[in-house]
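Colleague: work25.pdb is reproduced below (PDB, C-alpha atoms and all ligand atoms).
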```
ATOM      1  CA  MET A   1     159.510 -42.680 -63.474
ATOM      2  CA  LEU A   2     160.905 -44.568 -66.453
ATOM      3  CA  GLU A   3     158.068 -46.415 -68.166
ATOM      4  CA  ILE A   4     158.699 -48.896 -70.942
ATOM      5  CA  ASN A   5     155.578 -50.349 -72.503
ATOM      6  CA  GLN A   6     155.499 -53.401 -74.783
ATOM      7  CA  LEU A   7     158.819 -52.366 -76.317
ATOM      8  CA  SER A   8     159.796 -54.418 -79.356
ATOM      9  CA  LYS A   9     162.566 -54.119 -81.928
ATOM     10  CA  SER A  10     163.006 -56.224 -85.043
ATOM     11  CA  VAL A  11     165.502 -56.019 -87.850
ATOM     12  CA  GLY A  12     164.109 -57.917 -90.822
ATOM     13  CA  GLU A  13     162.930 -61.265 -89.479
ATOM     14  CA  LYS A  14     165.123 -61.037 -86.396
ATOM     15  CA  ILE A  15     163.423 -60.105 -83.138
ATOM     16  CA  ILE A  16     165.935 -58.230 -80.963
ATOM     17  CA  LEU A  17     163.572 -57.036 -78.223
ATOM     18  CA  ASP A  18     160.221 -58.622 -77.551
ATOM     19  CA  LYS A  19     157.488 -56.752 -75.662
ATOM     20  CA  LEU A  20     159.568 -55.511 -72.728
ATOM     21  CA  GLU A  21     157.722 -53.956 -69.794
ATOM     22  CA  ILE A  22     159.726 -51.905 -67.282
ATOM     23  CA  ARG A  23     158.725 -49.482 -64.506
ATOM     24  CA  LEU A  24     161.550 -47.722 -62.706
ATOM     25  CA  PRO A  25     160.593 -45.140 -60.048
ATOM     26  CA  ILE A  26     162.771 -42.065 -59.365
ATOM     27  CA  GLY A  27     165.912 -42.817 -57.384
ATOM     28  CA  ARG A  28     165.624 -46.566 -57.922
ATOM     29  CA  SER A  29     168.049 -48.848 -59.668
ATOM     30  CA  LEU A  30     167.413 -51.617 -62.173
ATOM     31  CA  ALA A  31     170.040 -54.080 -63.330
ATOM     32  CA  VAL A  32     169.528 -55.616 -66.756
ATOM     33  CA  VAL A  33     171.408 -58.894 -67.001
ATOM     34  CA  GLY A  34     171.773 -61.445 -69.744
ATOM     35  CA  GLU A  35     174.307 -63.274 -71.817
ATOM     36  CA  SER A  36     175.865 -61.784 -74.929
ATOM     37  CA  GLY A  37     173.297 -61.052 -77.633
ATOM     38  CA  SER A  38     170.302 -60.969 -75.301
ATOM     39  CA  GLY A  39     169.450 -57.391 -76.326
ATOM     40  CA  LYS A  40     170.821 -55.364 -73.400
ATOM     41  CA  SER A  41     172.696 -52.759 -75.456
ATOM     42  CA  THR A  42     169.785 -52.406 -77.845
ATOM     43  CA  LEU A  43     167.583 -51.609 -74.852
ATOM     44  CA  ALA A  44     170.139 -48.994 -73.687
ATOM     45  CA  LYS A  45     170.115 -47.384 -77.147
ATOM     46  CA  MET A  46     166.318 -47.291 -77.116
ATOM     47  CA  ILE A  47     166.226 -45.602 -73.708
ATOM     48  CA  MET A  48     168.701 -43.047 -75.064
ATOM     49  CA  ALA A  49     166.504 -42.534 -78.153
ATOM     50  CA  LEU A  50     169.469 -43.591 -80.311
ATOM     51  CA  ALA A  51     167.388 -46.302 -81.973
ATOM     52  CA  ARG A  52     163.704 -46.434 -82.762
ATOM     53  CA  PRO A  53     161.403 -49.123 -81.462
ATOM     54  CA  THR A  54     159.464 -51.214 -83.940
ATOM     55  CA  SER A  55     156.542 -50.961 -81.550
ATOM     56  CA  GLY A  56     155.874 -49.934 -77.975
ATOM     57  CA  SER A  57     156.966 -46.809 -76.162
ATOM     58  CA  ILE A  58     159.389 -45.328 -73.663
ATOM     59  CA  SER A  59     158.649 -42.367 -71.438
ATOM     60  CA  PHE A  60     160.414 -40.671 -68.581
ATOM     61  CA  ASN A  61     158.554 -38.530 -66.068
ATOM     62  CA  GLY A  62     155.620 -38.480 -68.462
ATOM     63  CA  VAL A  63     157.630 -37.326 -71.516
ATOM     64  CA  VAL A  64     157.706 -39.746 -74.455
ATOM     65  CA  ALA A  65     161.147 -40.548 -75.926
ATOM     66  CA  PRO A  66     161.720 -38.485 -79.083
ATOM     67  CA  GLN A  67     161.814 -40.403 -82.347
ATOM     68  CA  HIS A  68     162.599 -37.695 -84.858
ATOM     69  CA  LYS A  69     165.268 -35.045 -85.047
ATOM     70  CA  THR A  70     163.589 -32.333 -83.070
ATOM     71  CA  SER A  71     164.465 -30.133 -80.155
ATOM     72  CA  ASP A  72     162.814 -32.792 -77.981
ATOM     73  CA  PHE A  73     166.162 -34.593 -78.051
ATOM     74  CA  LYS A  74     167.757 -31.737 -76.167
ATOM     75  CA  ALA A  75     165.215 -32.018 -73.347
ATOM     76  CA  TRP A  76     165.593 -35.818 -73.322
ATOM     77  CA  TYR A  77     169.388 -35.727 -73.003
ATOM     78  CA  ARG A  78     169.232 -33.216 -70.197
ATOM     79  CA  GLN A  79     167.329 -35.793 -68.176
ATOM     80  CA  ILE A  80     168.930 -39.020 -69.350
ATOM     81  CA  GLN A  81     172.581 -39.794 -69.921
ATOM     82  CA  LEU A  82     174.474 -42.887 -70.990
ATOM     83  CA  VAL A  83     177.860 -44.143 -69.865
ATOM     84  CA  PHE A  84     179.137 -47.089 -71.788
ATOM     85  CA  GLN A  85     182.015 -49.465 -71.847
ATOM     86  CA  ASN A  86     185.482 -47.994 -71.959
ATOM     87  CA  THR A  87     185.919 -47.525 -75.686
ATOM     88  CA  ALA A  88     187.929 -45.085 -77.718
ATOM     89  CA  ALA A  89     184.658 -43.520 -78.851
ATOM     90  CA  SER A  90     183.636 -42.338 -75.372
ATOM     91  CA  LEU A  91     185.953 -39.335 -75.181
ATOM     92  CA  ASP A  92     187.454 -37.290 -78.006
ATOM     93  CA  PRO A  93     191.151 -38.266 -78.053
ATOM     94  CA  ARG A  94     192.129 -34.697 -79.044
ATOM     95  CA  MET A  95     190.365 -33.031 -76.136
ATOM     96  CA  THR A  96     191.732 -32.686 -72.625
ATOM     97  CA  ILE A  97     189.765 -34.335 -69.830
ATOM     98  CA  MET A  98     188.577 -30.880 -68.707
ATOM     99  CA  GLN A  99     187.306 -30.075 -72.221
ATOM    100  CA  SER A 100     185.531 -33.427 -72.458
ATOM    101  CA  ILE A 101     183.824 -33.135 -69.085
ATOM    102  CA  GLU A 102     182.588 -29.589 -69.751
ATOM    103  CA  GLU A 103     181.521 -30.311 -73.351
ATOM    104  CA  PRO A 104     177.832 -31.025 -72.502
ATOM    105  CA  LEU A 105     177.627 -27.630 -70.779
ATOM    106  CA  ARG A 106     178.734 -25.942 -74.027
ATOM    107  CA  TYR A 107     175.900 -27.609 -75.963
ATOM    108  CA  PHE A 108     173.162 -27.478 -73.387
ATOM    109  CA  THR A 109     173.723 -24.321 -71.314
ATOM    110  CA  LYS A 110     174.751 -20.709 -71.729
ATOM    111  CA  LEU A 111     177.286 -20.854 -68.930
ATOM    112  CA  GLU A 112     180.439 -18.758 -69.328
ATOM    113  CA  LYS A 113     183.691 -20.602 -69.914
ATOM    114  CA  SER A 114     184.965 -19.930 -66.387
ATOM    115  CA  ASP A 115     181.733 -21.306 -64.877
ATOM    116  CA  ARG A 116     181.887 -24.356 -67.125
ATOM    117  CA  LYS A 117     185.443 -25.054 -66.036
ATOM    118  CA  GLN A 118     184.543 -24.628 -62.400
ATOM    119  CA  ARG A 119     181.601 -27.034 -62.763
ATOM    120  CA  ALA A 120     183.805 -29.555 -64.606
ATOM    121  CA  ALA A 121     186.376 -29.398 -61.805
ATOM    122  CA  GLU A 122     183.596 -29.968 -59.242
ATOM    123  CA  TYR A 123     182.359 -33.049 -61.084
ATOM    124  CA  ALA A 124     185.870 -34.398 -61.553
ATOM    125  CA  ASP A 125     186.261 -34.067 -57.805
ATOM    126  CA  LEU A 126     182.887 -35.740 -57.202
ATOM    127  CA  VAL A 127     183.965 -38.833 -59.124
ATOM    128  CA  GLY A 128     187.374 -38.834 -57.456
ATOM    129  CA  LEU A 129     189.412 -37.788 -60.467
ATOM    130  CA  PRO A 130     192.608 -35.986 -59.380
ATOM    131  CA  SER A 131     192.610 -32.359 -60.607
ATOM    132  CA  MET A 132     196.087 -32.718 -62.110
ATOM    133  CA  LEU A 133     194.543 -35.086 -64.689
ATOM    134  CA  LEU A 134     192.209 -32.424 -66.071
ATOM    135  CA  THR A 135     194.869 -31.217 -68.490
ATOM    136  CA  SER A 136     195.676 -34.767 -69.631
ATOM    137  CA  LEU A 137     194.501 -36.397 -72.829
ATOM    138  CA  PRO A 138     192.311 -39.543 -72.597
ATOM    139  CA  ASN A 139     195.152 -41.876 -73.585
ATOM    140  CA  GLN A 140     197.132 -40.697 -70.553
ATOM    141  CA  LEU A 141     194.536 -42.040 -68.112
ATOM    142  CA  SER A 142     194.176 -45.481 -66.543
ATOM    143  CA  GLY A 143     191.031 -47.495 -67.241
ATOM    144  CA  GLY A 144     189.450 -46.485 -63.938
ATOM    145  CA  GLN A 145     190.351 -42.808 -64.396
ATOM    146  CA  TYR A 146     188.957 -42.840 -67.941
ATOM    147  CA  GLN A 147     185.723 -44.401 -66.746
ATOM    148  CA  ARG A 148     185.395 -41.797 -63.978
ATOM    149  CA  ALA A 149     185.907 -39.007 -66.516
ATOM    150  CA  CYS A 150     183.071 -40.497 -68.605
ATOM    151  CA  ILE A 151     180.842 -40.639 -65.540
ATOM    152  CA  ALA A 152     181.681 -37.002 -64.666
ATOM    153  CA  LYS A 153     180.804 -35.965 -68.232
ATOM    154  CA  ALA A 154     177.508 -37.875 -68.045
ATOM    155  CA  LEU A 155     176.611 -36.360 -64.674
ATOM    156  CA  ILE A 156     177.534 -32.737 -65.318
ATOM    157  CA  LEU A 157     174.081 -31.900 -66.680
ATOM    158  CA  LYS A 158     172.543 -33.379 -63.519
ATOM    159  CA  PRO A 159     170.542 -36.067 -65.318
ATOM    160  CA  LYS A 160     167.683 -37.767 -63.528
ATOM    161  CA  LEU A 161     168.490 -41.146 -65.066
ATOM    162  CA  LEU A 162     171.868 -42.684 -65.816
ATOM    163  CA  VAL A 163     172.105 -45.675 -68.146
ATOM    164  CA  CYS A 164     175.333 -47.609 -67.542
ATOM    165  CA  ASP A 165     176.170 -50.160 -70.225
ATOM    166  CA  GLU A 166     178.866 -52.599 -69.063
ATOM    167  CA  ILE A 167     180.809 -49.768 -67.447
ATOM    168  CA  VAL A 168     182.767 -51.831 -64.961
ATOM    169  CA  SER A 169     183.050 -55.214 -66.652
ATOM    170  CA  ASN A 170     186.549 -54.561 -67.950
ATOM    171  CA  LEU A 171     187.897 -53.142 -64.714
ATOM    172  CA  ASP A 172     189.738 -54.980 -61.968
ATOM    173  CA  VAL A 173     187.805 -55.648 -58.749
ATOM    174  CA  ILE A 174     189.199 -52.645 -56.886
ATOM    175  CA  HIS A 175     188.166 -50.209 -59.600
ATOM    176  CA  GLN A 176     184.811 -51.970 -59.968
ATOM    177  CA  TYR A 177     184.220 -51.597 -56.247
ATOM    178  CA  LYS A 178     185.076 -47.883 -56.254
ATOM    179  CA  ILE A 179     182.809 -47.072 -59.179
ATOM    180  CA  ILE A 180     179.948 -49.063 -57.666
ATOM    181  CA  LYS A 181     180.408 -47.168 -54.391
ATOM    182  CA  LEU A 182     180.340 -43.870 -56.302
ATOM    183  CA  LEU A 183     177.097 -44.773 -58.086
ATOM    184  CA  GLN A 184     175.520 -45.855 -54.793
ATOM    185  CA  LYS A 185     176.482 -42.485 -53.296
ATOM    186  CA  LEU A 186     174.962 -40.570 -56.216
ATOM    187  CA  ARG A 187     171.746 -42.537 -55.939
ATOM    188  CA  GLU A 188     171.421 -41.667 -52.285
ATOM    189  CA  GLU A 189     172.521 -38.037 -52.528
ATOM    190  CA  GLN A 190     171.025 -36.975 -55.856
ATOM    191  CA  LYS A 191     168.060 -39.372 -56.201
ATOM    192  CA  LEU A 192     169.604 -40.539 -59.439
ATOM    193  CA  SER A 193     167.749 -43.404 -61.122
ATOM    194  CA  LEU A 194     169.993 -46.027 -62.595
ATOM    195  CA  VAL A 195     169.717 -48.643 -65.325
ATOM    196  CA  PHE A 196     172.776 -50.822 -64.928
ATOM    197  CA  ILE A 197     173.407 -53.141 -67.854
ATOM    198  CA  THR A 198     175.831 -55.996 -67.438
ATOM    199  CA  HIS A 199     176.430 -59.657 -68.166
ATOM    200  CA  ASP A 200     178.008 -60.044 -64.713
ATOM    201  CA  LEU A 201     175.523 -61.092 -62.050
ATOM    202  CA  SER A 202     178.136 -60.738 -59.306
ATOM    203  CA  LEU A 203     177.979 -56.950 -59.572
ATOM    204  CA  VAL A 204     174.306 -56.314 -59.681
ATOM    205  CA  SER A 205     172.924 -57.146 -56.273
ATOM    206  CA  ARG A 206     175.259 -54.594 -54.693
ATOM    207  CA  LEU A 207     173.957 -51.824 -56.896
ATOM    208  CA  SER A 208     170.389 -52.626 -57.829
ATOM    209  CA  ASP A 209     167.001 -52.680 -56.199
ATOM    210  CA  GLN A 210     165.666 -54.905 -58.944
ATOM    211  CA  ILE A 211     167.189 -57.283 -61.450
ATOM    212  CA  MET A 212     165.743 -58.036 -64.876
ATOM    213  CA  VAL A 213     167.140 -61.112 -66.580
ATOM    214  CA  MET A 214     166.980 -61.155 -70.377
ATOM    215  CA  LYS A 215     167.399 -63.896 -72.928
ATOM    216  CA  ASN A 216     166.927 -63.582 -76.696
ATOM    217  CA  GLY A 217     165.300 -60.163 -76.340
ATOM    218  CA  ARG A 218     162.723 -61.352 -73.817
ATOM    219  CA  MET A 219     162.411 -60.765 -70.111
ATOM    220  CA  VAL A 220     162.998 -64.082 -68.368
ATOM    221  CA  GLU A 221     162.181 -62.700 -64.913
ATOM    222  CA  LEU A 222     162.222 -59.570 -62.770
ATOM    223  CA  PHE A 223     162.870 -59.736 -59.027
ATOM    224  CA  ASN A 224     164.201 -57.808 -56.031
ATOM    225  CA  SER A 225     167.960 -58.032 -55.838
ATOM    226  CA  GLU A 226     167.918 -59.610 -52.352
ATOM    227  CA  ALA A 227     166.192 -62.579 -53.968
ATOM    228  CA  LEU A 228     169.025 -63.233 -56.421
ATOM    229  CA  HIS A 229     170.141 -66.351 -54.600
ATOM    230  CA  SER A 230     166.641 -67.590 -53.814
ATOM    231  CA  GLU A 231     165.681 -71.092 -54.856
ATOM    232  CA  ASP A 232     162.695 -69.597 -56.664
ATOM    233  CA  ARG A 233     164.928 -68.184 -59.399
ATOM    234  CA  HIS A 234     164.254 -69.177 -62.980
ATOM    235  CA  PRO A 235     166.502 -72.010 -64.226
ATOM    236  CA  TYR A 236     168.113 -69.614 -66.709
ATOM    237  CA  THR A 237     169.017 -67.151 -63.935
ATOM    238  CA  ARG A 238     170.406 -70.012 -61.885
ATOM    239  CA  SER A 239     172.460 -71.184 -64.819
ATOM    240  CA  LEU A 240     173.903 -67.677 -65.208
ATOM    241  CA  LEU A 241     174.832 -67.711 -61.541
ATOM    242  CA  GLU A 242     176.262 -71.197 -61.621
ATOM    243  CA  THR A 243     178.236 -70.558 -64.780
ATOM    244  CA  ALA A 244     179.910 -67.641 -63.096
ATOM    245  CA  LYS A 245     180.468 -69.776 -59.965
ATOM    246  CA  LEU A 246     179.066 -67.001 -57.891
ATOM    247  CA  ILE A 247     176.580 -68.624 -55.574
ATOM    248  CA  GLY A 248     177.667 -67.964 -52.012
ATOM    249  CA  ARG A 249     180.614 -65.808 -53.032
ATOM    250  CA  ARG A 250     179.079 -62.382 -52.795
ATOM    251  CA  ASN A 251     179.397 -61.576 -49.105
ATOM    252  CA  GLU A 252     182.861 -63.008 -48.863
ATOM    253  CA  GLU A 253     183.913 -61.091 -51.975
ATOM    254  CA  ASP A 254     182.400 -57.824 -50.678
ATOM    255  CA  SER A 255     184.341 -57.882 -47.445
ATOM    256  CA  HIS A 256     187.487 -59.112 -49.173
ATOM    257  CA  ILE A 257     187.366 -56.283 -51.720
ATOM    258  CA  ALA A 258     186.549 -53.718 -49.035
ATOM    259  CA  ASP A 259     189.570 -54.928 -47.064
ATOM    260  CA  MET A 260     191.751 -54.678 -50.150
ATOM    261  CA  VAL A 261     190.554 -51.142 -50.843
ATOM    262  CA  LYS A 262     191.225 -50.093 -47.254
ATOM    263  CA  LYS A 263     194.716 -51.523 -47.369
ATOM    264  CA  THR A 264     195.721 -50.424 -50.836
ATOM    265  CA  THR A 265     197.068 -47.011 -51.743
ATOM    266  CA  ILE A 266     195.983 -47.385 -55.356
ATOM    267  CA  SER A 267     193.968 -44.385 -56.502
ATOM    268  CA  ILE A 268     191.999 -43.971 -59.673
TER     269      ILE A 268
HETATM  270  N1  LIG B   1     171.291 -53.217 -86.250
HETATM  271  C1  LIG B   1     171.189 -54.519 -86.078
HETATM  272  N2  LIG B   1     170.879 -55.342 -87.098
HETATM  273  C2  LIG B   1     170.753 -56.674 -86.924
HETATM  274  N3  LIG B   1     170.931 -57.293 -85.751
HETATM  275  C3  LIG B   1     171.255 -56.545 -84.686
HETATM  276  C4  LIG B   1     171.400 -55.119 -84.793
HETATM  277  N4  LIG B   1     171.732 -54.655 -83.562
HETATM  278  C5  LIG B   1     171.800 -55.711 -82.744
HETATM  279  N5  LIG B   1     171.504 -56.842 -83.433
HETATM  280  C6  LIG B   1     171.446 -58.199 -82.882
HETATM  281  O1  LIG B   1     170.566 -58.149 -81.776
HETATM  282  C7  LIG B   1     170.996 -59.025 -80.747
HETATM  283  C8  LIG B   1     171.144 -58.253 -79.453
HETATM  284  O2  LIG B   1     172.280 -57.375 -79.552
HETATM  285  P1  LIG B   1     172.748 -56.489 -78.333
HETATM  286  O3  LIG B   1     174.013 -55.802 -78.714
HETATM  287  O4  LIG B   1     171.620 -55.643 -77.893
HETATM  288  O5  LIG B   1     173.042 -57.605 -77.243
HETATM  289  P2  LIG B   1     173.772 -57.511 -75.829
HETATM  290  O6  LIG B   1     172.945 -58.292 -74.875
HETATM  291  O7  LIG B   1     174.047 -56.090 -75.497
HETATM  292  O8  LIG B   1     175.133 -58.274 -76.120
HETATM  293  P3  LIG B   1     176.595 -58.012 -75.490
HETATM  294  O9  LIG B   1     176.506 -58.388 -74.033
HETATM  295  O10 LIG B   1     177.472 -58.962 -76.267
HETATM  296  O11 LIG B   1     176.939 -56.575 -75.722
HETATM  297  C9  LIG B   1     172.290 -59.666 -81.238
HETATM  298  O12 LIG B   1     171.987 -60.925 -81.778
HETATM  299  C10 LIG B   1     172.756 -58.724 -82.322
HETATM  300  O13 LIG B   1     173.478 -59.411 -83.305
END
```
Let me see the file written as structure tokens.
Ligand SMILES: Nc1ncnc2c1ncn2[C@@H]1O[C@H](COP(=O)(O)OP(=O)(O)OP(=O)(O)O)[C@@H](O)[C@H]1O

Modeller:
Amino acid sequence: MLEINQLSKSVGEKIILDKLEIRLPIGRSLAVVGESGSGKSTLAKMIMALARPTSGSISFNGVVAPQHKTSDFKAWYRQIQLVFQNTAASLDPRMTIMQSIEEPLRYFTKLEKSDRKQRAAEYADLVGLPSMLLTSLPNQLSGGQYQRACIAKALILKPKLLVCDEIVSNLDVIHQYKIIKLLQKLREEQKLSLVFITHDLSLVSRLSDQIMVMKNGRMVELFNSEALHSEDRHPYTRSLLETAKLIGRRNEEDSHIADMVKKTTISI
């Protein structure tokens, strides 16, 4: 279980995260939603032990997140991986897709090169990345292909928790749908826990058991995803929904996108 206790982060006078409390059981999925600047990416960095909390703690399966440069980081990153928005920094532009996907195995395991390559090919296949792309460079891939390569790289160490920071926000609806379907499949088949960070409330109820809404570093509310459209929602959550003109659109959009995917021959 991911346990976040009274997590706070300040920089100078500015409070970025304020006493967050999160419990995420194994195999469950939490969406973290909020407008720009609400602290979502800072939370992702904290979970990845890339930034230190000012106070509070994070633990996963009883192990406390490392805060100093020790070998504890190695154990942490074997369990927890991050996939973030499609940026040039995600994959080394000089490495082939195969080299990028197998890179974590070079750092974290003693597998022979041939075994690493075989595992990388398996994970590329798992995320639906055509094998002919394994010899390509990152700039030769489409946005959806690039994102799938990042997901394959994050999954190759078989993490128990995947933190996804805005990974589909820049993709068109077909590619969003396919990646969401992939993550759903991994949750079911591998009991992968998921923290799915986004500003887009339209995506989250399809992927998450629970939704945490954040504003100015604070948790506004936490609820089961089926209750997203309930009248009990906090006014801020409702305003996020209304701003995006999403109320009532979800089911229609789901079936429309599914129809499009069935009909289209586009592959990613
Ligand atoms: N190192 C830092 N020093 C000062 N302020 C910071 C630092 N890192 C983040 N912030 C501030 O903390 C707030 C939260 O930033 P964060 O990137 O976590 O938000 P976010 O919800 O992920 O936003 P977005 O959706 O735009 O990515 C912002 O106001 C940001 O300017």

Colleague: Rank nothing, just name the residue among A:Leu133, A:Leu155, A:Leu203, A:Leu228 nearest to Met98 of chain A, using all atoms listed in the file.

Modeller: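 Of the candidates, the smallest distance to Met98 of chain A is held by A:Leu133.
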
Colleague: Go through A:Asn139, A:Gln184, A:Gln145, A:Thr42 one by one, measure the shortest atom-to-atom distance of each to Ala89 of chain A using all atoms listed in the file, and give the residue with the smallest value.

Modeller: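 Nearest to Ala89 of chain A: A:Asn139.
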
Colleague: Set the distance at 9 Å and use all atoms listed in the file: which residues neighbour Val33 of chain A once local chain neighbours fewer than 6 positions away are removed? I'd like the list as a VMD selection string.

Modeller: chain A and resid 40 196 to 201 204 211 to 215

Colleague: Taking (157.6, -53.7, -66.8) in the file's own coordinates, collect the residues within 9 Å, counting all atoms listed in the file, and hand them back as a PyMOL selection string.

Modeller: chain A and resi 3-6+20-24+222

Colleague: Mind writing the picked residues with C-alpha atoms as a PDB file, in the coordinates of the input?

Modeller:
```pdb
ATOM      1  CA  GLU A   3     158.068 -46.415 -68.166  1.00  0.00           C
ATOM      2  CA  ILE A   4     158.699 -48.896 -70.942  1.00  0.00           C
ATOM      3  CA  ASN A   5     155.578 -50.349 -72.503  1.00  0.00           C
ATOM      4  CA  GLN A   6     155.499 -53.401 -74.783  1.00  0.00           C
ATOM      5  CA  LEU A  20     159.568 -55.511 -72.728  1.00  0.00           C
ATOM      6  CA  GLU A  21     157.722 -53.956 -69.794  1.00  0.00           C
ATOM      7  CA  ILE A  22     159.726 -51.905 -67.282  1.00  0.00           C
ATOM      8  CA  ARG A  23     158.725 -49.482 -64.506  1.00  0.00           C
ATOM      9  CA  LEU A  24     161.550 -47.722 -62.706  1.00  0.00           C
ATOM     10  CA  LEU A 222     162.222 -59.570 -62.770  1.00  0.00           C
TER      11      LEU A 222
END
```

Colleague: Would you please work out which residue, of A:Met95, A:Leu183, A:Ile167, A:Val63, is nearest to ligand LIG 1 (chain B) when using only C-alpha atoms and all ligand atoms?

Modeller: A:Ile167

Colleague: When the PyMOL selection byres (((chain A and resi 216) around 12) and not hetatm) is applied to the file above, which residues end up in the set, as a list in words?

Modeller: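 After applying the PyMOL selection byres (((chain A and resi 216) around 12) and not hetatm), what remains is Ser8, Lys9, Ser10, Lys14, Ile15, Ile16, Leu17, Asp18, Lys19, Leu20, Val33, Gly34, Glu35, Ser36, Gly37, Ser38, Gly39, Lys40, Thr42, Val213, Met214, Lys215, Gly217, Arg218, Met219, Val220 and Tyr236 of chain A.
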
Colleague: I'd like to know which of A:Tyr177, A:Asp72, A:Asp165, A:Tyr107 is closest to ligand LIG 1 (chain B), using only C-alpha atoms and all ligand atoms.

Modeller: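 For ligand LIG 1 (chain B), the nearest of the candidates is A:Asp165.
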
Colleague: Out of A:Gln85, A:Gln99, A:Gln140, A:Val127, which residue has the shortest atom-to-atom distance to Ser114 of chain A when counting all atoms listed in the file?

Modeller: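 Under the stated criterion, the closest residue is A:Gln99.
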
Colleague: Find the smallest box with edges along x, y and z containing every listed atom of segment 96-99 of chain A, then add 8 Å on each side and report centre and edge lengths in Å to one decimal, as lines of an AutoDock Vina configuration file.

Modeller:
```
center_x = 189.5
center_y = -32.2
center_z = -70.7
size_x = 20.4
size_y = 20.3
size_z = 19.9
```

Colleague: Choose the residue, out of A:Pro138, A:Pro104, A:Pro53, A:Pro159, that has the smallest atom-to-atom separation from ligand LIG 1 (chain B); count all atoms listed in the file.

Modeller: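 Answer, going by the shortest atom-to-atom distance: A:Pro53.
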
Colleague: For the PyMOL selection byres (((chain A and resi 207) around 12) and not hetatm), applied here, can you spell out every residue it catches as a PyMOL selection string?

Modeller: chain A and resi 28-32+164+168+176-188+193-198+201-206+208-211+224-226
